[in-house]
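Just upload-v2.pdb here, PDB, C-alpha atoms and all ligand atoms:
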```pdb
MODEL        1
ATOM      1  CA  MET A   1     -23.080 -57.898 -76.055
ATOM      2  CA  ARG A   2     -22.141 -55.758 -73.078
ATOM      3  CA  ILE A   3     -18.450 -55.113 -73.309
ATOM      4  CA  LEU A   4     -16.003 -52.923 -71.405
ATOM      5  CA  LEU A   5     -12.682 -51.739 -72.800
ATOM      6  CA  ILE A   6     -10.122 -50.600 -70.263
ATOM      7  CA  GLY A   7      -6.645 -49.218 -70.778
ATOM      8  CA  ALA A   8      -4.416 -46.359 -69.699
ATOM      9  CA  PRO A   9      -4.832 -42.936 -71.346
ATOM     10  CA  GLY A  10      -3.568 -43.239 -74.926
ATOM     11  CA  SER A  11      -3.951 -47.026 -75.114
ATOM     12  CA  GLY A  12      -6.318 -46.674 -78.077
ATOM     13  CA  LYS A  13      -9.492 -47.800 -76.321
ATOM     14  CA  GLY A  14     -11.523 -44.951 -77.861
ATOM     15  CA  THR A  15     -10.516 -45.960 -81.398
ATOM     16  CA  GLN A  16     -11.145 -49.627 -80.675
ATOM     17  CA  ALA A  17     -14.505 -48.933 -79.012
ATOM     18  CA  VAL A  18     -15.721 -47.167 -82.158
ATOM     19  CA  LEU A  19     -14.467 -49.982 -84.450
ATOM     20  CA  LEU A  20     -16.043 -52.671 -82.299
ATOM     21  CA  ALA A  21     -19.323 -50.797 -81.937
ATOM     22  CA  ARG A  22     -19.590 -50.553 -85.709
ATOM     23  CA  LEU A  23     -18.862 -54.240 -86.085
ATOM     24  CA  LEU A  24     -21.445 -55.312 -83.485
ATOM     25  CA  ASP A  25     -23.976 -52.579 -84.302
ATOM     26  CA  VAL A  26     -24.222 -51.323 -80.723
ATOM     27  CA  PRO A  27     -23.359 -47.848 -79.357
ATOM     28  CA  ALA A  28     -19.883 -46.956 -78.113
ATOM     29  CA  ILE A  29     -20.264 -45.028 -74.886
ATOM     30  CA  SER A  30     -17.275 -42.901 -73.938
ATOM     31  CA  THR A  31     -17.638 -41.079 -70.628
ATOM     32  CA  GLY A  32     -14.683 -38.858 -71.599
ATOM     33  CA  ASP A  33     -16.496 -37.811 -74.814
ATOM     34  CA  ILE A  34     -19.738 -37.141 -72.921
ATOM     35  CA  PHE A  35     -17.863 -35.001 -70.394
ATOM     36  CA  ARG A  36     -16.034 -33.112 -73.183
ATOM     37  CA  ALA A  37     -19.328 -32.403 -74.990
ATOM     38  CA  ASN A  38     -20.748 -31.011 -71.730
ATOM     39  CA  VAL A  39     -17.645 -28.875 -71.191
ATOM     40  CA  ALA A  40     -17.954 -27.500 -74.739
ATOM     41  CA  ASP A  41     -21.656 -26.708 -74.204
ATOM     42  CA  ARG A  42     -20.934 -25.182 -70.781
ATOM     43  CA  THR A  43     -23.662 -27.238 -69.115
ATOM     44  CA  PRO A  44     -23.703 -27.460 -65.290
ATOM     45  CA  LEU A  45     -22.285 -31.006 -65.612
ATOM     46  CA  GLY A  46     -19.522 -29.673 -67.870
ATOM     47  CA  VAL A  47     -18.655 -26.880 -65.443
ATOM     48  CA  THR A  48     -18.341 -29.419 -62.604
ATOM     49  CA  ALA A  49     -16.372 -31.936 -64.674
ATOM     50  CA  GLN A  50     -13.923 -29.501 -66.232
ATOM     51  CA  LYS A  51     -11.935 -28.686 -63.142
ATOM     52  CA  TYR A  52     -11.259 -32.366 -62.493
ATOM     53  CA  MET A  53     -10.475 -33.166 -66.121
ATOM     54  CA  ASP A  54      -8.048 -30.269 -66.511
ATOM     55  CA  ALA A  55      -6.145 -31.504 -63.446
ATOM     56  CA  GLY A  56      -6.050 -35.117 -64.668
ATOM     57  CA  GLU A  57      -8.277 -36.258 -61.788
ATOM     58  CA  TYR A  58     -11.371 -38.410 -62.019
ATOM     59  CA  VAL A  59     -14.745 -36.712 -61.897
ATOM     60  CA  PRO A  60     -16.405 -37.782 -58.594
ATOM     61  CA  ASP A  61     -18.178 -41.137 -58.722
ATOM     62  CA  GLU A  62     -21.626 -39.785 -57.860
ATOM     63  CA  VAL A  63     -21.513 -37.334 -60.794
ATOM     64  CA  THR A  64     -20.179 -39.927 -63.240
ATOM     65  CA  ASN A  65     -22.513 -42.685 -62.053
ATOM     66  CA  ALA A  66     -25.610 -40.526 -62.495
ATOM     67  CA  MET A  67     -24.557 -39.586 -66.014
ATOM     68  CA  VAL A  68     -23.931 -43.213 -67.017
ATOM     69  CA  ARG A  69     -27.172 -44.403 -65.437
ATOM     70  CA  ASP A  70     -29.031 -41.930 -67.686
ATOM     71  CA  ARG A  71     -27.097 -42.915 -70.789
ATOM     72  CA  LEU A  72     -27.624 -46.652 -70.294
ATOM     73  CA  ALA A  73     -31.358 -46.117 -69.900
ATOM     74  CA  ALA A  74     -31.571 -44.915 -73.529
ATOM     75  CA  ASP A  75     -33.291 -47.190 -76.065
ATOM     76  CA  ASP A  76     -30.177 -47.756 -78.160
ATOM     77  CA  CYS A  77     -28.495 -49.634 -75.276
ATOM     78  CA  GLY A  78     -31.157 -52.354 -75.229
ATOM     79  CA  THR A  79     -29.175 -54.868 -77.279
ATOM     80  CA  GLY A  80     -25.784 -54.034 -75.816
ATOM     81  CA  PHE A  81     -22.993 -51.464 -75.792
ATOM     82  CA  ILE A  82     -19.269 -50.930 -75.695
ATOM     83  CA  LEU A  83     -18.222 -48.985 -72.631
ATOM     84  CA  ASP A  84     -15.081 -46.904 -73.078
ATOM     85  CA  GLY A  85     -13.758 -45.361 -69.868
ATOM     86  CA  TYR A  86     -16.431 -46.488 -67.412
ATOM     87  CA  PRO A  87     -16.188 -48.018 -64.851
ATOM     88  CA  ARG A  88     -12.829 -46.664 -63.767
ATOM     89  CA  THR A  89     -13.060 -47.144 -60.000
ATOM     90  CA  LEU A  90     -14.182 -50.092 -57.887
ATOM     91  CA  ALA A  91     -17.167 -48.044 -56.678
ATOM     92  CA  GLN A  92     -18.166 -47.555 -60.322
ATOM     93  CA  VAL A  93     -17.885 -51.325 -60.856
ATOM     94  CA  ASP A  94     -20.467 -51.794 -58.095
ATOM     95  CA  GLU A  95     -22.699 -49.127 -59.589
ATOM     96  CA  LEU A  96     -22.570 -50.671 -63.062
ATOM     97  CA  ASP A  97     -23.435 -54.071 -61.568
ATOM     98  CA  ALA A  98     -26.442 -52.472 -59.881
ATOM     99  CA  ILE A  99     -27.585 -50.660 -63.044
ATOM    100  CA  LEU A 100     -27.350 -53.816 -65.172
ATOM    101  CA  GLY A 101     -28.587 -56.145 -62.447
ATOM    102  CA  ALA A 102     -31.817 -54.173 -62.131
ATOM    103  CA  ASP A 103     -32.604 -55.307 -65.691
ATOM    104  CA  GLY A 104     -31.358 -58.839 -65.109
ATOM    105  CA  CYS A 105     -28.223 -58.162 -67.188
ATOM    106  CA  ARG A 106     -24.481 -58.261 -66.587
ATOM    107  CA  LEU A 107     -21.234 -57.391 -68.315
ATOM    108  CA  ASP A 108     -20.197 -60.107 -70.801
ATOM    109  CA  ALA A 109     -16.524 -59.298 -71.305
ATOM    110  CA  VAL A 110     -13.780 -56.901 -70.236
ATOM    111  CA  VAL A 111     -10.817 -56.369 -72.539
ATOM    112  CA  GLU A 112      -7.785 -54.532 -71.213
ATOM    113  CA  ILE A 113      -5.537 -52.932 -73.826
ATOM    114  CA  GLU A 114      -1.922 -52.887 -72.725
ATOM    115  CA  VAL A 115       0.723 -50.426 -73.972
ATOM    116  CA  ASP A 116       3.919 -49.480 -72.111
ATOM    117  CA  ASP A 117       4.221 -46.061 -70.446
ATOM    118  CA  HIS A 118       6.856 -44.690 -72.873
ATOM    119  CA  GLN A 119       4.715 -45.390 -75.916
ATOM    120  CA  LEU A 120       1.673 -43.977 -74.148
ATOM    121  CA  LEU A 121       3.414 -40.674 -73.479
ATOM    122  CA  ASP A 122       4.571 -40.495 -77.114
ATOM    123  CA  ARG A 123       1.074 -41.182 -78.416
ATOM    124  CA  LEU A 124      -0.543 -38.638 -76.098
ATOM    125  CA  LEU A 125       1.930 -35.915 -77.008
ATOM    126  CA  ARG A 126       1.272 -36.596 -80.692
ATOM    127  CA  ARG A 127      -2.480 -36.423 -80.005
ATOM    128  CA  ALA A 128      -1.932 -33.158 -78.127
ATOM    129  CA  ALA A 129      -0.269 -31.660 -81.203
ATOM    130  CA  MET A 130      -3.153 -32.823 -83.426
ATOM    131  CA  GLN A 131      -6.240 -32.274 -81.242
ATOM    132  CA  GLY A 132      -5.127 -29.768 -78.590
ATOM    133  CA  ARG A 133      -6.876 -31.516 -75.684
ATOM    134  CA  ALA A 134      -6.465 -29.502 -72.479
ATOM    135  CA  ASP A 135      -5.442 -32.583 -70.477
ATOM    136  CA  ASP A 136      -2.762 -33.798 -72.931
ATOM    137  CA  THR A 137       0.158 -31.896 -71.379
ATOM    138  CA  VAL A 138       3.152 -33.728 -69.875
ATOM    139  CA  ASP A 139       2.293 -32.895 -66.248
ATOM    140  CA  VAL A 140      -1.393 -33.744 -66.585
ATOM    141  CA  ILE A 141      -0.608 -36.913 -68.562
ATOM    142  CA  ARG A 142       1.682 -38.111 -65.759
ATOM    143  CA  ARG A 143      -1.049 -37.455 -63.209
ATOM    144  CA  ARG A 144      -3.601 -39.308 -65.363
ATOM    145  CA  GLN A 145      -1.232 -42.281 -65.588
ATOM    146  CA  GLN A 146      -0.801 -42.277 -61.812
ATOM    147  CA  VAL A 147      -4.549 -42.039 -61.176
ATOM    148  CA  TYR A 148      -5.064 -44.892 -63.641
ATOM    149  CA  ARG A 149      -2.537 -47.101 -61.844
ATOM    150  CA  GLU A 150      -4.022 -46.338 -58.439
ATOM    151  CA  GLN A 151      -7.734 -46.429 -59.182
ATOM    152  CA  THR A 152      -8.365 -48.285 -62.439
ATOM    153  CA  ALA A 153      -5.670 -50.981 -62.637
ATOM    154  CA  PRO A 154      -7.339 -52.895 -59.731
ATOM    155  CA  LEU A 155     -10.412 -53.428 -61.925
ATOM    156  CA  ALA A 156      -8.495 -56.059 -63.892
ATOM    157  CA  ASP A 157      -8.321 -58.367 -60.857
ATOM    158  CA  ALA A 158     -11.957 -57.741 -59.963
ATOM    159  CA  TYR A 159     -13.115 -58.796 -63.441
ATOM    160  CA  ALA A 160     -10.532 -61.588 -63.723
ATOM    161  CA  ALA A 161     -12.091 -63.129 -60.609
ATOM    162  CA  ARG A 162     -15.330 -63.358 -62.601
ATOM    163  CA  GLY A 163     -13.528 -65.005 -65.525
ATOM    164  CA  ILE A 164     -14.514 -62.285 -67.995
ATOM    165  CA  HIS A 165     -11.237 -60.304 -68.221
ATOM    166  CA  ARG A 166      -8.688 -60.653 -71.061
ATOM    167  CA  LEU A 167      -5.485 -58.705 -71.673
ATOM    168  CA  VAL A 168      -4.469 -57.773 -75.231
ATOM    169  CA  ASP A 169      -1.319 -56.201 -76.639
ATOM    170  CA  GLY A 170      -2.230 -52.667 -77.780
ATOM    171  CA  VAL A 171       0.872 -52.106 -79.940
ATOM    172  CA  GLY A 172       0.286 -52.257 -83.691
ATOM    173  CA  SER A 173      -2.139 -50.934 -86.286
ATOM    174  CA  PRO A 174      -5.771 -50.368 -85.242
ATOM    175  CA  GLU A 175      -6.681 -53.380 -87.431
ATOM    176  CA  ASP A 176      -4.123 -55.630 -85.722
ATOM    177  CA  VAL A 177      -5.226 -54.589 -82.242
ATOM    178  CA  GLY A 178      -8.878 -54.930 -83.297
ATOM    179  CA  GLY A 179      -8.185 -58.492 -84.447
ATOM    180  CA  ARG A 180      -6.651 -59.332 -81.069
ATOM    181  CA  ILE A 181      -9.664 -57.862 -79.273
ATOM    182  CA  ALA A 182     -12.047 -59.894 -81.427
ATOM    183  CA  GLY A 183     -10.040 -63.036 -80.552
ATOM    184  CA  ALA A 184     -10.144 -62.198 -76.846
ATOM    185  CA  LEU A 185     -13.902 -61.635 -76.957
ATOM    186  CA  ASP A 186     -14.384 -64.917 -78.707
ATOM    187  CA  ALA A 187     -12.371 -66.688 -76.029
ATOM    188  CA  VAL A 188     -14.362 -65.117 -73.175
ATOM    189  CA  LEU A 189     -17.693 -65.919 -74.751
ATOM    190  CA  ARG A 190     -16.691 -69.501 -75.528
ATOM    191  CA  SER A 191     -15.443 -70.029 -71.976
ATOM    192  CA  ARG A 192     -18.705 -68.698 -70.601
ATOM    193  CA  SER A 193     -20.909 -70.887 -72.728
ATOM    194  CA  ALA A 194     -18.759 -73.983 -72.069
TER     195      ALA A 194
HETATM  196  P1  LIG B 201     -10.876 -40.104 -71.375
HETATM  197  O1  LIG B 201     -11.319 -39.398 -72.611
HETATM  198  O2  LIG B 201     -11.474 -41.446 -71.216
HETATM  199  O3  LIG B 201      -9.357 -40.120 -71.243
HETATM  200  O4  LIG B 201     -11.421 -39.233 -70.134
HETATM  201  C1  LIG B 201     -11.026 -37.894 -69.960
HETATM  202  C2  LIG B 201     -11.305 -37.442 -68.543
HETATM  203  O5  LIG B 201     -12.709 -37.515 -68.266
HETATM  204  C3  LIG B 201     -10.641 -38.264 -67.452
HETATM  205  O6  LIG B 201      -9.292 -37.908 -67.204
HETATM  206  C4  LIG B 201     -11.544 -37.936 -66.254
HETATM  207  O7  LIG B 201     -11.276 -36.644 -65.735
HETATM  208  C5  LIG B 201     -12.920 -37.879 -66.919
HETATM  209  N1  LIG B 201     -13.558 -39.214 -66.898
HETATM  210  C6  LIG B 201     -13.864 -40.007 -67.964
HETATM  211  N2  LIG B 201     -14.440 -41.151 -67.556
HETATM  212  C7  LIG B 201     -14.489 -41.104 -66.202
HETATM  213  C8  LIG B 201     -14.948 -41.997 -65.195
HETATM  214  N3  LIG B 201     -15.470 -43.199 -65.497
HETATM  215  N4  LIG B 201     -14.845 -41.601 -63.903
HETATM  216  C9  LIG B 201     -14.343 -40.410 -63.569
HETATM  217  N5  LIG B 201     -13.863 -39.523 -64.457
HETATM  218  C10 LIG B 201     -13.931 -39.866 -65.777
ENDMDL
END
```
Exercise: express the given structure as structure tokens:
Amino acid sequence: MRILLIGAPGSGKGTQAVLLARLLDVPAISTGDIFRANVADRTPLGVTAQKYMDAGEYVPDEVTNAMVRDRLAADDCGTGFILDGYPRTLAQVDELDAILGADGCRLDAVVEIEVDDHQLLDRLLRRAAMQGRADDTVDVIRRRQQVYREQTAPLADAYAARGIHRLVDGVGSPEDVGGRIAGALDAVLRSRSA
């Protein structure tokens, strides 16, 4: 199972990626987490990424693509994965197609988690109080929402054209949302095997 979760910042895709990965026994790959680990370790990648992350901008495609290419080459990705936060631009969609296509694979399903902007801001400000993430401030959150609308929202149409995109309501308990995601995945897989 090669699955992508997309959703605006605060939509809960990180939580759902971890739940789903456990259920399917495949790794959850969060580009945001990988970048944050590199920032914490002050690696060259982290130093490059940090200035974009702190401003709420996307890290340039060539940097992100190279990092993901490495990660997907690891043994644990052989049977599948849940991607959380990649691809996020149409150029990254092309890159992921190329990475998977080289092994004769493709993405099986894309689930978009939908939550309205007011709730998202509330959730992110609560997360800011709990976790203290540098990019969870009102100004940076607004920029991240704008960048998401401009650069990532178009991915929905690109994947819908392939028949592998489903939209789920992201409001509710993690279990409720997880149930909806499982239903959406089921529907995509059934439609593909029909
Ligand atoms: P996230 O934890 O998914 O909200 O990601 C945090 C930050 O990491 C984003 O605001 C971007 O600066 C950076 N980032 C994560 N994934 C990507 C990606 N696929 N492309 C570019 N930048 C990314």
>> Here is a test: counting all atoms listed in the file, which residue of A:Pro27, A:Gly170, A:Pro87, A:Gly46 is nearest to ligand LIG 201 (chain B)?
In response: A:Pro87
> Which chains and residue numbers are within 9 Å of ligand LIG 201 (chain B), counting only C-alpha atoms and all ligand atoms, if I want them as a ChimeraX atom specification?
Replying inline: /A:8-10,13-14,30-36,49-61,63-65,68,84-89,92,135,140-141,144,147-148
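Nearest residue to Leu5 of chain A among A:Val111, A:Ala161, A:Ala194, A:Ala66 is A:Val111, counting all atoms listed in the file.
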> What gap, in Å, lies between atom CA of Asp75 of chain A and atom CA of Ile3 of chain A?
Replying inline: 17.0 Å
>> So that I can check the surroundings of Asp108 of chain A, please list as a PyMOL selection string every protein, DNA and RNA residue that reaches within 9 Å of it, counting only C-alpha atoms and ignoring chain neighbours fewer than 6 positions away.
In response: chain A and resi 1-4+164+185+188-189+192
> For Ala109 of chain A, which residue out of A:Leu83, A:Val138, A:Ala153, A:Met67 is the nearest one, using all atoms listed in the file?
Replying inline: A:Leu83
> Between A:Glu175, A:Asp70, A:Asp122, A:Asp117, which one has atoms that come closest to Ile99 of chain A, using only C-alpha atoms?
Replying inline: A:Asp70
> Of the residues A:Gly178, A:Pro154, A:Gly80, A:Pro44, which is the one nearest to Val93 of chain A, using only C-alpha atoms?
Replying inline: A:Pro154
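Point (0.7, -37.0, -79.5) has the following residues at most 12 Å away: Pro9, Gly10, Ser11, His118, Gln119, Leu120, Leu121, Asp122, Arg123, Leu124, Leu125, Arg126, Arg127, Ala128, Ala129, Met130, Gln131, Gly132, Arg133, Asp135, Asp136, Thr137, Val138 and Ile141 of chain A (atoms considered: only C-alpha atoms).
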> So what do you get for atom CA of Phe81 of chain A versus atom CA of Val26 of chain A, distance-wise?
Replying inline: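 Straight-line distance from atom CA of Phe81 of chain A to atom CA of Val26 of chain A works out to 5.1 Å.
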>> Report, in Å to a single decimal, how far apart atom CA of Val47 of chain A and atom CA of Leu155 of chain A are.
In response: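 Here the two named atoms are 28.0 Å from each other.
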Completion of segment 79-95 of chain A up to N, CA, C and O atoms, as an mmCIF file, in the frame of the given file:
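Listed below is the output, rebuild.cif:
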```
data_model
loop_
_atom_site.group_PDB
_atom_site.id
_atom_site.type_symbol
_atom_site.label_atom_id
_atom_site.label_comp_id
_atom_site.auth_asym_id
_atom_site.auth_seq_id
_atom_site.Cartn_x
_atom_site.Cartn_y
_atom_site.Cartn_z
ATOM 1 N N THR A 79 -29.780 -53.620 -76.803
ATOM 2 C CA THR A 79 -29.175 -54.868 -77.279
ATOM 3 C C THR A 79 -27.709 -54.998 -76.888
ATOM 4 O O THR A 79 -27.074 -56.001 -77.182
ATOM 5 N N GLY A 80 -27.177 -53.964 -76.260
ATOM 6 C CA GLY A 80 -25.784 -54.034 -75.816
ATOM 7 C C GLY A 80 -25.068 -52.715 -76.019
ATOM 8 O O GLY A 80 -25.668 -51.725 -76.462
ATOM 9 N N PHE A 81 -23.792 -52.703 -75.681
ATOM 10 C CA PHE A 81 -22.993 -51.464 -75.792
ATOM 11 C C PHE A 81 -21.527 -51.796 -75.581
ATOM 12 O O PHE A 81 -21.185 -52.871 -75.060
ATOM 13 N N ILE A 82 -20.696 -50.860 -76.015
ATOM 14 C CA ILE A 82 -19.269 -50.930 -75.695
ATOM 15 C C ILE A 82 -18.981 -49.757 -74.772
ATOM 16 O O ILE A 82 -19.171 -48.606 -75.167
ATOM 17 N N LEU A 83 -18.569 -50.056 -73.561
ATOM 18 C CA LEU A 83 -18.222 -48.985 -72.631
ATOM 19 C C LEU A 83 -16.742 -48.658 -72.767
ATOM 20 O O LEU A 83 -15.894 -49.552 -72.731
ATOM 21 N N ASP A 84 -16.462 -47.371 -72.932
ATOM 22 C CA ASP A 84 -15.081 -46.904 -73.078
ATOM 23 C C ASP A 84 -14.832 -45.879 -71.971
ATOM 24 O O ASP A 84 -15.333 -44.768 -72.025
ATOM 25 N N GLY A 85 -14.117 -46.311 -70.927
ATOM 26 C CA GLY A 85 -13.758 -45.361 -69.868
ATOM 27 C C GLY A 85 -14.698 -45.356 -68.679
ATOM 28 O O GLY A 85 -14.625 -44.454 -67.849
ATOM 29 N N TYR A 86 -15.566 -46.314 -68.584
ATOM 30 C CA TYR A 86 -16.431 -46.488 -67.412
ATOM 31 C C TYR A 86 -16.764 -47.954 -67.284
ATOM 32 O O TYR A 86 -17.161 -48.555 -68.288
ATOM 33 N N PRO A 87 -16.665 -48.553 -66.133
ATOM 34 C CA PRO A 87 -16.188 -48.018 -64.851
ATOM 35 C C PRO A 87 -14.666 -47.856 -64.799
ATOM 36 O O PRO A 87 -13.938 -48.520 -65.525
ATOM 37 N N ARG A 88 -14.244 -46.967 -63.941
ATOM 38 C CA ARG A 88 -12.829 -46.664 -63.767
ATOM 39 C C ARG A 88 -12.413 -46.739 -62.303
ATOM 40 O O ARG A 88 -11.240 -46.541 -62.001
ATOM 41 N N THR A 89 -13.371 -46.968 -61.428
ATOM 42 C CA THR A 89 -13.060 -47.144 -60.000
ATOM 43 C C THR A 89 -13.871 -48.351 -59.524
ATOM 44 O O THR A 89 -14.871 -48.730 -60.165
ATOM 45 N N LEU A 90 -13.444 -48.920 -58.384
ATOM 46 C CA LEU A 90 -14.182 -50.092 -57.887
ATOM 47 C C LEU A 90 -15.607 -49.710 -57.493
ATOM 48 O O LEU A 90 -16.537 -50.512 -57.648
ATOM 49 N N ALA A 91 -15.801 -48.487 -57.012
ATOM 50 C CA ALA A 91 -17.167 -48.044 -56.678
ATOM 51 C C ALA A 91 -18.032 -47.977 -57.942
ATOM 52 O O ALA A 91 -19.225 -48.286 -57.912
ATOM 53 N N GLN A 92 -17.415 -47.582 -59.061
ATOM 54 C CA GLN A 92 -18.166 -47.555 -60.322
ATOM 55 C C GLN A 92 -18.484 -48.973 -60.811
ATOM 56 O O GLN A 92 -19.511 -49.202 -61.454
ATOM 57 N N VAL A 93 -17.595 -49.921 -60.513
ATOM 58 C CA VAL A 93 -17.885 -51.325 -60.856
ATOM 59 C C VAL A 93 -19.169 -51.757 -60.150
ATOM 60 O O VAL A 93 -20.072 -52.339 -60.765
ATOM 61 N N ASP A 94 -19.266 -51.435 -58.864
ATOM 62 C CA ASP A 94 -20.467 -51.794 -58.095
ATOM 63 C C ASP A 94 -21.703 -51.129 -58.677
ATOM 64 O O ASP A 94 -22.772 -51.734 -58.776
ATOM 65 N N GLU A 95 -21.551 -49.866 -59.039
ATOM 66 C CA GLU A 95 -22.699 -49.127 -59.589
ATOM 67 C C GLU A 95 -23.152 -49.744 -60.920
ATOM 68 O O GLU A 95 -24.344 -49.930 -61.136
#
```
